[in-house]
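A.B. asks: I have a structure I would like to understand better, so I am pasting it below and will then ask my questions one at a time.
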Amino acid sequence: MPGAIYAEGLVKTFGDVRALDGVDLDVPEGTVLGLLGPNGAGKTTTVRVLTTLLQPDSGKAVVAGIDVLKHPNEVRRAIGLSGQFAAVDEYLTGRENLQMVGQLYQMSSKAAKVRAAELLERFNLGDAADRTAKTYSGGMRRRLDLAAALVVSPPVMFMDEPTTGLDPRNRQQLWGIIQELVAGGTTLLLTTQYLEEADHLAHDICVVDHGKVIARGTSDQLKAQTGGERVEVVVHDRERMATAREVLAGFGKGETTVEEHTRKLTVPVSGGAKLLAEVIRELDGRGIEIDDIGLRRPTLDDVFISLTGHAAELAAEENGEAPAEAKPKGGRKARKEAAK
């Protein structure tokens, strides 16, 4: 049975650019799917199709049990959307922004006021409720935008790179809000370039590149694809790196990589802490002084590199943004569409 968000074979082209090339998704109710990839990979285009803001060339999509192509108005009433850019009216106060959204959804004036007050407190905006949004910081605008997406308590939420440009403190606050929503039963599709964010929030992760889903699984499952644990050693004397490499080769389950400028050597292993102790003894026995040594599991960055051949951040800089991904449309226009 399809999940709360389901897509099959989504295709979308813009001229010669194939922004989506057969995207399949299935997000169980009450879970978070992290859509991970660089700019131009197709993340925003996927969100725009699933939220009725864009028509696919082909494929099928169902959200909250409703066919996206056949019944777009019904889908809009069942979802919330928070985009890359805070969709608030900067000349209205925070309270007025939320009341306006409530009234667009045909709530009574009284009900809209009550809901606005609830959300302002929930998102720690009570003290700034009657200030115009143009006086808000970036983090405050982002929280106000997310509050606006929750005015009608939608069962399904879409967040398109919601923490882009936020400082670490505001990012952590937004993560806490997202976790509260999901704990309350909300289903969430979250797009992000931040590997740590997907690792922290998502039950499942889809890695997208060039309009295709190239891998899917839990964070642990994806990390397992890169070969398990690694021993990392930083050698004190650069002249001893070759000898250290020989030592690590005797314990490794694959090729040892060397970073000359940092004097760091890394080798995939199996055996955990017991093996690490053996490596230390062998290095000491060979008279190799080390500045640092550790056993670590692969990161999602390792996963991304192994799947695509480049790091996510580097890919974002090199690829730029495909036409479909540049300046996603929405804002108040999208909210008015959703209320129809």
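Lettering and numbering for the structure tokens are positional, with chains as A, B, ... in the shown order, residues counted from 1 in each chain, and ligands counted from 1 in the shown order.
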Could you write out, as number ranges by chain, all the residues of range 91-250 of chain A that DSSP marks as strand (DSSP E)?

C.D. replies: A: 156-160, 187-192, 204-209, 212-217, 230-235

A.B. asks: From a DSSP calculation on the backbone, collect every residue of range 14-208 of chain A in alpha helix (DSSP H) and output the set as a PyMOL selection string.

C.D. replies: chain A and resi 43-50+72-78+94-104+109-122+138-149+168-183+195-201

A.B. asks: Please produce a file of the residues just selected, as a compact mmCIF listing (two decimals), in the first residue's frame, where the atoms kept are C-alpha atoms.

C.D. replies:
```txt
# COMPACT_ATOMS: atom_id res chain seq x y z
CA LYS A 43 15.11 18.06 -5.35
CA THR A 44 13.14 21.30 -5.69
CA THR A 45 11.51 20.15 -8.93
CA THR A 46 10.30 17.01 -7.14
CA VAL A 47 8.79 19.08 -4.34
CA ARG A 48 7.09 21.44 -6.79
CA VAL A 49 5.51 18.52 -8.63
CA LEU A 50 4.29 16.86 -5.43
CA PRO A 72 -4.67 19.25 -7.11
CA ASN A 73 -7.01 21.44 -5.06
CA GLU A 74 -7.67 18.63 -2.60
CA VAL A 75 -3.94 17.97 -2.29
CA ARG A 76 -3.30 21.63 -1.46
CA ARG A 77 -5.74 21.45 1.45
CA ALA A 78 -3.87 18.45 2.88
CA GLY A 94 4.18 38.16 12.37
CA ARG A 95 0.66 37.93 13.78
CA GLU A 96 -0.89 39.48 10.67
CA ASN A 97 1.00 37.06 8.42
CA LEU A 98 -0.41 34.04 10.23
CA GLN A 99 -3.93 35.46 10.45
CA MET A 100 -3.86 36.19 6.73
CA VAL A 101 -2.94 32.57 5.95
CA GLY A 102 -5.74 31.32 8.19
CA GLN A 103 -8.28 33.50 6.42
CA LEU A 104 -6.98 32.35 3.00
CA SER A 109 -11.40 35.69 11.85
CA LYS A 110 -11.62 34.54 15.48
CA ALA A 111 -10.23 31.07 14.72
CA ALA A 112 -7.39 32.57 12.67
CA LYS A 113 -6.44 34.87 15.56
CA VAL A 114 -6.45 31.99 18.06
CA ARG A 115 -4.35 29.78 15.78
CA ALA A 116 -1.88 32.60 15.07
CA ALA A 117 -1.37 33.18 18.79
CA GLU A 118 -0.77 29.46 19.37
CA LEU A 119 1.83 29.23 16.63
CA LEU A 120 3.64 32.41 17.62
CA GLU A 121 4.20 30.97 21.09
CA ARG A 122 5.15 27.54 19.77
CA GLY A 138 16.72 35.23 8.99
CA GLY A 139 16.05 32.57 11.61
CA MET A 140 12.89 34.32 12.80
CA ARG A 141 11.59 34.63 9.23
CA ARG A 142 12.24 30.95 8.67
CA ARG A 143 10.30 30.03 11.83
CA LEU A 144 7.45 32.34 10.80
CA ASP A 145 7.35 30.71 7.38
CA LEU A 146 7.17 27.26 8.94
CA ALA A 147 4.43 28.45 11.32
CA ALA A 148 2.44 29.70 8.31
CA ALA A 149 2.73 26.26 6.70
CA PRO A 168 23.99 26.63 13.76
CA ARG A 169 21.81 27.80 16.66
CA ASN A 170 18.76 28.52 14.49
CA ARG A 171 19.33 25.31 12.56
CA GLN A 172 19.26 23.30 15.79
CA GLN A 173 16.05 25.06 16.86
CA LEU A 174 14.38 24.24 13.56
CA TRP A 175 15.49 20.62 13.84
CA GLY A 176 13.75 20.44 17.22
CA ILE A 177 10.52 21.80 15.74
CA ILE A 178 10.67 19.28 12.89
CA GLN A 179 11.15 16.42 15.34
CA GLU A 180 8.11 17.59 17.34
CA LEU A 181 5.97 17.63 14.19
CA VAL A 182 6.94 14.11 13.22
CA ALA A 183 6.43 12.83 16.76
CA LEU A 195 24.53 15.70 5.03
CA GLU A 196 24.40 16.13 8.81
CA GLU A 197 20.79 17.29 8.58
CA ALA A 198 19.66 14.21 6.67
CA ASP A 199 21.59 12.00 9.09
CA HIS A 200 19.97 13.67 12.10
CA LEU A 201 16.34 13.92 10.97
```

A.B. asks: Report the distance between CA of Ala87 in chain A and CA of Thr187 in chain A in Å, rounded to one decimal place.

C.D. replies: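 According to the coordinates, CA of Ala87 in chain A and CA of Thr187 in chain A are separated by 21.2 Å.
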
A.B. asks: Measure the distance from CA of Asp57 in chain A to CA of Ile205 in chain A in Å and round it to one decimal.

C.D. replies: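 Separation of CA of Asp57 in chain A and CA of Ile205 in chain A: 24.9 Å.
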
A.B. asks: At a cut-off of 6 Å, using only C-alpha atoms, what residues contact range 288-291 of chain A? Leave out same-chain residues fewer than 5 positions from it and give the result as a compact mmCIF listing (two decimals) with N, CA, C and O atoms, in the first residue's frame.

C.D. replies:
```txt
# COMPACT_ATOMS: atom_id res chain seq x y z
N VAL A 234 47.16 9.99 12.09
CA VAL A 234 47.95 11.17 11.73
C VAL A 234 49.36 10.95 12.26
O VAL A 234 49.58 10.86 13.47
N VAL A 235 50.33 10.82 11.34
CA VAL A 235 51.72 10.54 11.68
C VAL A 235 52.45 11.84 12.01
O VAL A 235 52.27 12.86 11.34
N HIS A 236 53.27 11.80 13.07
CA HIS A 236 53.97 13.01 13.51
C HIS A 236 55.03 13.44 12.50
O HIS A 236 55.12 14.62 12.15
N LEU A 283 52.32 0.12 15.46
CA LEU A 283 52.95 1.40 15.14
C LEU A 283 54.01 1.75 16.17
O LEU A 283 55.11 2.23 15.83
```

A.B. asks: Please provide as JSON, numbers by chain all residues within 12 Å of Asp237 in chain A, with the sequence filter that same-chain residues fewer than 4 positions apart are discarded (counting only C-alpha atoms).

C.D. replies: {"A": [233, 241, 242, 243, 244, 260, 261, 262, 263, 264, 287, 288, 289, 290, 291]}

A.B. asks: Between A:Leu81, A:Leu248, A:Ala64, A:Leu265, which is the closest to Asp160 in chain A once you count only C-alpha atoms?

C.D. replies: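 Answer, going by the shortest atom-to-atom distance: A:Leu81.
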
A.B. asks: With only C-alpha atoms as the counted atoms, please give the residues lying no more than 8 Å from Val68 in chain A, apart from itself and same-chain residues fewer than 5 positions off, as a PyMOL selection string.

C.D. replies: chain A and resi 50-52+60-63+75
